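Everything below concerns the one structure shown next.
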Amino acid sequence: MFILASAALLAPAAMGQAPATLTIDLAQVKANVSPQLYGLMTEEINFSYDGGLYAELVRNRTFQDRGKIPPSWFLYEWGNADASMEIDRTAGPSAALPLSLQLTVKTASEHDQAGISNAGYWGFPVRPQTTYHGSFYAKASDGSIGPVTVSLVEDETGQAISTTVPSLTSSWQQHEFTLKSDSAARSSQYHLVLSVGKTGNGVVQPGVVISPHLPRSEQRKSH
């Protein structure tokens with residue numbers, strides 16, 4: 001079993017830009033406000049905040065959307081792999097991330113891996129020649145479950161951009177990783193997969209934060 005605790009895939013944002021400066025002159029009136037205007041209401045429609053203004057690509061990354069089976073998360077069983085998953089409301093890496101997703105792997109191998117996947121908000125847009133930096137929190141009841149493979153997989157072609165992180169331990173740890181797309185990667189229909197190739201138990205708290213490292217003036221690290 002391995003337990004994932006929090007996954008987040010952030011939209012591109014940049015590195016190295018100078019911080020913006022806002023100057024306010026309270027002595028100079030720029031416009032008059034109507035005395036009948038008491039406030040402003042905004043409404044969350046079609047993920048305009050979550051996955052929109054909040055540049056999050058992993059949907060329901062902290063497992064807090066309602067549902068016995070966490071919405072937007074799916075069991076991944078390739079070939080002859082056999083596994084199950086369930087939400088764990090008692091185990092999380094911190095008070096801010098109290099939930100986790102428990103994966104129990106009954107059968108798996110290097111080629112027939114088992115794990116979990118997330119389709120994001122109608123797919124993950126992947127750009128060519130882009131480096132994606134990420135991390136996630138995880139632990140395992142048995143370290144023999146081996147390393148975790150992290151992949152962005154194209155829905156139609158099955159083309160994958162993958163890397164591995166070291167074997168899990170029995171304590172919550174944040175694992176960092178990097179994914180680099182090639183010149184042919186240009187699609188908005190990728191999905192995220194975290195998988196293992198051995199049997200065992202583990203917990204993941206999707207603290208998977210992935211943000212592209214973009215060239216030139218587009219560079220700024222996402223948080």
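By order in the structure tokens, chains are A, B, ...; within a chain, residues start at 1; ligands start at 1, following the order shown.
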Practice item. List every residue of region 108-172 of chain A that DSSP, applied to the backbone of this structure, places in strand (DSSP E or B), and write the result as a ChimeraX atom specification. Key: /A:114-118,124-126,131-140,148-154,160-165
**Study point:** Gly67 (chain A) surroundings by only C-alpha atoms, 12 Å radius, close-in-sequence under 4 positions cut, as number ranges by chain
**Key:** A: 60, 63, 71-73, 86-89
Given only C-alpha atoms, how would the per-residue table for region 113-134 of chain A near region 159-165 of chain A read, listing every residue at most 12 Å away with its closest atom pair and distance in Å to one decimal, sorted by chain and number, as a tab-separated table?
residue	atom	partner	partner_atom	distance
A:Val126	CA	A:Ile161	CA	9.9
A:Arg127	CA	A:Ile161	CA	11.7
A:Pro128	CA	A:Ile161	CA	11.3
A:Gln129	CA	A:Ile161	CA	11.5
A:Thr130	CA	A:Ile161	CA	11.0
A:Thr131	CA	A:Ile161	CA	10.5
A:Tyr132	CA	A:Ile161	CA	10.1
A:His133	CA	A:Thr163	CA	11.1
A:Gly134	CA	A:Thr163	CA	10.9
